[in-house]
Number of protein chains: 2
Amino acid sequence: MADQLDLRDLRYFEVIAETGHLGRAAKKLFRTQPALTGCVRRLEETLGTALFERVGRGIRLTSAGKALVVRARSLRVAAEEAVREIGELGEGVAGHVRVGMLPTLARFLLPAATQLYLKDAREVTIKAVVGQNDVLATQLRAGELDLIVSTAVRPDETIVRHPVCEDEAVVIASRTHPVLRRKNVTLQDLLEYRWVLAPEVVGTREWLEREFQRRGLPAPKVQIETNLILMMPALIEQTELLTFTSRRHVAPFVAGSRLREVALRETTMRRRFDLVYRKDSYLSPAALRLIALLRERGEALFKGP
Amino acid sequence: MADQLDLRDLRYFEVIAETGHLGRAAKKLFRTQPALTGCVRRLEETLGTALFERVGRGIRLTSAGKALVVRARSLRVAAEEAVREIGELGEGVAGHVRVGMLPTLARFLLPAATQLYLKDAREVTIKAVVGQNDVLATQLRAGELDLIVSTAVRPDETIVRHPVCEDEAVVIASRTHPVLRRKNVTLQDLLEYRWVLAPEVVGTREWLEREFQRRGLPAPKVQIETNLILMMPALIEQTELLTFTSRRHVAPFVAGSRLREVALRETTMRRRFDLVYRKDSYLSPAALRLIALLRERGEALFKGP
DNA sequence: ACCACTTACGTTTCTCGTAACTATG
DNA sequence: CATAGTTACGAGAAACGTAAGTGGT
């Protein structure tokens with residue numbers, strides 16, 4: 001005798017209890033009457049209790065049977081929920097993804113990407129970490145992030161890199177800034193102004209200062225240093241400060257932006273954003289879906305409509 | 001491919017997930033490794049998702065697998081609870097019984113009987129209805145009670161009767177009552193006193209009045225008429241009233257009772273208490289247990305220790 | 001006599017164990 | 001080469017369907 005319930009039997013039992021007739025239940029279930037007799041017999045054996053009383057030529061639920069109807073229903077629902085949840089996890093439309101990215105990407109890729117991603121994966125939760133490339137790479141290797149989108153991650157055999165999009169960091173000023181009225185602006189000219197820059201460890205600032213240094217020039221004078229990279233454009237909108245960050249902040253890339261690029265070949269930093277993830281670790285289907293989405297449409301999403 | 005979960009597979013899966021090894025799990029479950037491989041394969045098929053990743057020569061839960069562990073555990077617990085609940089209902093140690101009885105039985109049988117009954121059936125709830133025999137019989141036939149213990153229920157083919165115990169209703173007085181100082185008390189003598197009696201429709205009062213009438217005597221003078229039969233003895237404890245009810249209220253049957261029997265053959269009413277229930281209706285195991293208990297031990301319980 | 005459930009029995013399906021196979025450290 | 005998991009296949013168990021049986025209306 002089985003000492004454990006069988007969900008199939010319980011499903012049959014529910015229909016039998018609802019109809020009150022083995023014959024009609026059999027039709028509904030595409031089974032024969034004897035099969036359902038067997039089902040009831042099995043349940044009654046494992047439960048050690050009569051579920052139906054044989055009254056006249058029909059059957060009627062006993063009190064134990066009535067109680068089992070309730071239990072059977074909730075068990076069935078719970079099982080169905082489990083199948084659904086796990087199935088969705090498997091398809092990557094549910095679950096959890098931990099993704100890290102640079103501030104520029106958080107501003108110009110994340111919103112569109114998440115919107116598109118969640119359209120087919122409503123039950124997925126996302127942890128988005130914004131940080132500098134060194135921090136992101138460390139967290140990725142530590143298993144704290146499933147994937148990152150970043151620049152200049154050193155390749156090795158434990159990670160996979162895919163180029164996603166290109167970007168250029170440029171010198172930016174408010175559209176009313178005096179430097180924009182000058183012609184043939186030089187690197188030297190830029191040193192006349194004060195700057196809003198990221199901390200020295202950040203890739204863009206490192207690059208910028210090196211460019212000045214290469215040409216025998218001093219580093220730009222920093223008036224505001226902030227690790228809130230995304231705030232830098234807003235900080236210079238109404239001042240005579242300069243900053244150095246992604247061209248995407250500048251009109252016409254951002255409609256209505258008060259900012260303009262200070263076009264200068266020497267201060268144009270090309271950089272490639274790579275999608276990076278660990279090679280041999282398990283990635284949830286939800287994470288795999290996000291990876292696929294970023295590989296296929298990341299560039300278009302970053303460029304905007 | 002099965003489209004429904006199997007509780008057995010989920011049980012296996014739990015152990016596999018806990019140990020993280022098919023081999024060790026197989027030992028715990030008294031199964032072989034291939035059997036568990038098959039179990040995992042079945043689950044993965046019905047869920048459409050990988051539950052383990054094959055890492056090295058071992059296995060590791062995927063995120064979907066981790067989620068399934070939680071679901072599997074709660075499903076197993078719910079199934080076990082269902083088995084337990086329905087099993088207890090079946091054994092009659094859980095459930096609900098509706099029982100009716102006469103006041104005397106409520107006083108002298110119900111406490112001991114329920115105590116004994118609930119010792120083995122802690123989860124059973126009881127509805128105890130106290131009433132006169134005609135009311136009880138009506139409610140029994142209407143299906144509002146599962147069983148009654150009463151007197152003089154008219155037998156027919158829809159009910160079953162079992163004698164449970166015998167009782168005698170007698171005239172009762174306070175131990176300080178003057179009638180107790182008289183010798184050779186007669187029926188006539190009793191008419192000198194006032195009475196506390198039940199309403200005229202109640203069996204004991206009917207019987208008593210008929211006994212006086214049979215001997216050409218008037219009915220006793222009623223000072224207090226109450227349907228709270230059980231209050232009658234208390235009402236006469238400190239007065240010169242007489243009452244007519246079960247001898248069980250009188251010392252020495254109730255230790256410390258202030259009441260005494262006015263012994264008189266003409267006022268001694270023998271009555272038999274029957275256990276009565278419907279013959280062809282479903283009786284819950286809990287009810288059947290109570291019936292068996294009353295049949296086997298009802299008499300001893302009524303008589304007291 | 002008919003209807004509804006049960007029993008009997010053969011067939012199919014499923015699960016499990018044995019043994020051989022594959023892959024990893 | 002030892003260990004962990006997988007594949008292949010046959011034996012046994014379980015569930016199902018057909019057909020005959022039982023009981024109530």
# chains A, B, ... in the order shown; residues from 1 in each chain; ligands from 1
$ select_by_dssp --residues "range 60-272 of chain B" --states "strand (DSSP E or B)" --output "count of residues only"
59
$ interface_residues --of "chain B" --to "chain A" --cutoff "9 Å" --atoms "only C-alpha atoms" --output "VMD selection string"
chain B and resid 4 to 8 46 to 51 53 55 62 to 65 67 to 68 71 to 72 74 to 75 78 to 91 95 280 to 285
$ interface_residues --of "chain A" --to "chain C" --cutoff "8 Å" --atoms "only C-alpha atoms (C1' of nucleotides)" --output "list in words"
Leu22, Gly23, Pro34, Thr37, Arg57 and Gly58 of chain A
$ atom_distance --atom1 "CA of Lys221 in chain A" --atom2 "CA of Leu235 in chain A"
15.8 Å
$ select_by_dssp --residues "range 73-276 of chain B" --states "alpha helix (DSSP H)" --output "number ranges by chain"
B: 73-91, 103-108, 110-120, 133-141, 187-190, 203-214, 232-236
$ interface_residues --of "chain D" --to "chain A" --cutoff "10 Å" --atoms "only C-alpha atoms (C1' of nucleotides)" --output "ChimeraX atom specification"
/D:15-18,23-25
$ residues_around --residues "range 118-135 of chain B" --least-positions-apart "3" --cutoff "10 Å" --atoms "only C-alpha atoms (C1' of nucleotides)" --output "MDAnalysis selection string"
chainID B and resid 85 88:89 91:107 110 113:115 138:140 145:146 148:154 201:203 227:229 286:287 289:290
$ write_last_selection --atoms "C-alpha atoms" --output "PDB file, in the first residue's frame"
ATOM      1  CA  GLU B  85      -6.098  15.287   9.043  1.00  0.00           C
ATOM      2  CA  GLU B  88      -7.704  11.401  12.086  1.00  0.00           C
ATOM      3  CA  LEU B  89     -11.135  12.142  10.750  1.00  0.00           C
ATOM      4  CA  GLU B  91     -10.262   7.179  12.999  1.00  0.00           C
ATOM      5  CA  GLY B  92     -12.778   9.402  14.685  1.00  0.00           C
ATOM      6  CA  VAL B  93     -10.110  11.201  16.671  1.00  0.00           C
ATOM      7  CA  ALA B  94     -10.990  14.342  14.787  1.00  0.00           C
ATOM      8  CA  GLY B  95     -14.236  15.666  13.423  1.00  0.00           C
ATOM      9  CA  HIS B  96     -17.471  16.808  14.934  1.00  0.00           C
ATOM     10  CA  VAL B  97     -20.276  15.054  16.771  1.00  0.00           C
ATOM     11  CA  ARG B  98     -23.714  16.422  17.552  1.00  0.00           C
ATOM     12  CA  VAL B  99     -25.233  14.646  20.498  1.00  0.00           C
ATOM     13  CA  GLY B 100     -28.462  15.284  22.363  1.00  0.00           C
ATOM     14  CA  MET B 101     -29.453  14.044  25.807  1.00  0.00           C
ATOM     15  CA  LEU B 102     -31.793  14.527  28.729  1.00  0.00           C
ATOM     16  CA  PRO B 103     -30.790  16.871  31.550  1.00  0.00           C
ATOM     17  CA  THR B 104     -30.077  14.052  33.970  1.00  0.00           C
ATOM     18  CA  LEU B 105     -27.647  12.528  31.517  1.00  0.00           C
ATOM     19  CA  ALA B 106     -26.064  15.893  30.850  1.00  0.00           C
ATOM     20  CA  ARG B 107     -25.381  16.090  34.557  1.00  0.00           C
ATOM     21  CA  LEU B 110     -21.798  13.828  29.852  1.00  0.00           C
ATOM     22  CA  ALA B 113     -18.135  10.460  28.938  1.00  0.00           C
ATOM     23  CA  THR B 114     -16.639  13.466  27.189  1.00  0.00           C
ATOM     24  CA  GLN B 115     -13.542  13.308  29.321  1.00  0.00           C
ATOM     25  CA  THR B 138     -37.434  15.308  16.444  1.00  0.00           C
ATOM     26  CA  GLN B 139     -33.973  16.789  16.000  1.00  0.00           C
ATOM     27  CA  LEU B 140     -32.461  13.347  15.514  1.00  0.00           C
ATOM     28  CA  LEU B 145     -28.245  15.474  15.745  1.00  0.00           C
ATOM     29  CA  ASP B 146     -26.037  12.462  15.102  1.00  0.00           C
ATOM     30  CA  ILE B 148     -29.246  11.097  21.298  1.00  0.00           C
ATOM     31  CA  VAL B 149     -29.475   9.479  24.686  1.00  0.00           C
ATOM     32  CA  SER B 150     -33.050   9.641  25.803  1.00  0.00           C
ATOM     33  CA  THR B 151     -36.052   7.724  27.105  1.00  0.00           C
ATOM     34  CA  ALA B 152     -39.120   6.309  25.450  1.00  0.00           C
ATOM     35  CA  VAL B 153     -38.150   7.080  21.847  1.00  0.00           C
ATOM     36  CA  ARG B 154     -40.712   5.397  19.661  1.00  0.00           C
ATOM     37  CA  VAL B 201     -45.137  18.133  29.025  1.00  0.00           C
ATOM     38  CA  VAL B 202     -42.020  16.674  30.587  1.00  0.00           C
ATOM     39  CA  GLY B 203     -42.041  12.904  30.992  1.00  0.00           C
ATOM     40  CA  ASN B 227     -37.659  23.977  32.439  1.00  0.00           C
ATOM     41  CA  LEU B 228     -34.242  24.158  33.996  1.00  0.00           C
ATOM     42  CA  ILE B 229     -34.587  20.610  35.247  1.00  0.00           C
ATOM     43  CA  ALA B 286     -16.096  10.391  15.434  1.00  0.00           C
ATOM     44  CA  ALA B 287     -19.793   9.732  15.987  1.00  0.00           C
ATOM     45  CA  ARG B 289     -16.607   6.165  18.328  1.00  0.00           C
ATOM     46  CA  LEU B 290     -18.906   7.990  20.701  1.00  0.00           C
TER      47      LEU B 290
END
$ atom_distance --atom1 "CA of Arg258 in chain A" --atom2 "CA of Ala169 in chain A"
17.2 Å
$ residues_around --residues "Phe212 in chain B" --least-positions-apart "2" --cutoff "12 Å" --atoms "only C-alpha atoms (C1' of nucleotides)" --output "list in words"
Thr186, Leu187, Gln188, Asp189, Leu190, Leu191, Arg205, Glu206, Trp207, Leu208, Glu209, Arg210, Arg214, Arg215, Gly216, Leu217, Pro218, Ala219, Pro220, Lys221, Glu266 and Thr267 of chain B
$ write_last_selection --atoms "C-alpha atoms" --output "PDB file, in the first residue's frame"
ATOM      1  CA  THR B 186     -47.941   8.007  52.127  1.00  0.00           C
ATOM      2  CA  LEU B 187     -48.777   9.606  48.808  1.00  0.00           C
ATOM      3  CA  GLN B 188     -51.439  11.580  50.592  1.00  0.00           C
ATOM      4  CA  ASP B 189     -48.832  13.025  52.966  1.00  0.00           C
ATOM      5  CA  LEU B 190     -46.801  14.415  50.080  1.00  0.00           C
ATOM      6  CA  LEU B 191     -49.690  16.600  49.002  1.00  0.00           C
ATOM      7  CA  ARG B 205     -43.933  15.228  35.692  1.00  0.00           C
ATOM      8  CA  GLU B 206     -46.491  13.507  33.464  1.00  0.00           C
ATOM      9  CA  TRP B 207     -45.690  10.216  35.128  1.00  0.00           C
ATOM     10  CA  LEU B 208     -45.864  11.656  38.648  1.00  0.00           C
ATOM     11  CA  GLU B 209     -49.199  13.374  38.155  1.00  0.00           C
ATOM     12  CA  ARG B 210     -50.636  10.276  36.583  1.00  0.00           C
ATOM     13  CA  ARG B 214     -54.560   6.841  39.409  1.00  0.00           C
ATOM     14  CA  ARG B 215     -55.089   6.758  43.168  1.00  0.00           C
ATOM     15  CA  GLY B 216     -57.832   9.352  43.083  1.00  0.00           C
ATOM     16  CA  LEU B 217     -55.636  12.077  44.457  1.00  0.00           C
ATOM     17  CA  PRO B 218     -55.198  15.629  43.146  1.00  0.00           C
ATOM     18  CA  ALA B 219     -52.031  16.771  41.454  1.00  0.00           C
ATOM     19  CA  PRO B 220     -49.279  18.099  43.712  1.00  0.00           C
ATOM     20  CA  LYS B 221     -49.258  21.813  44.292  1.00  0.00           C
ATOM     21  CA  GLU B 266     -45.560   4.626  44.444  1.00  0.00           C
ATOM     22  CA  THR B 267     -43.357   7.569  43.517  1.00  0.00           C
TER      23      THR B 267
END
$ atom_distance --atom1 "CA of Trp195 in chain B" --atom2 "CA of Cys165 in chain B"
27.3 Å
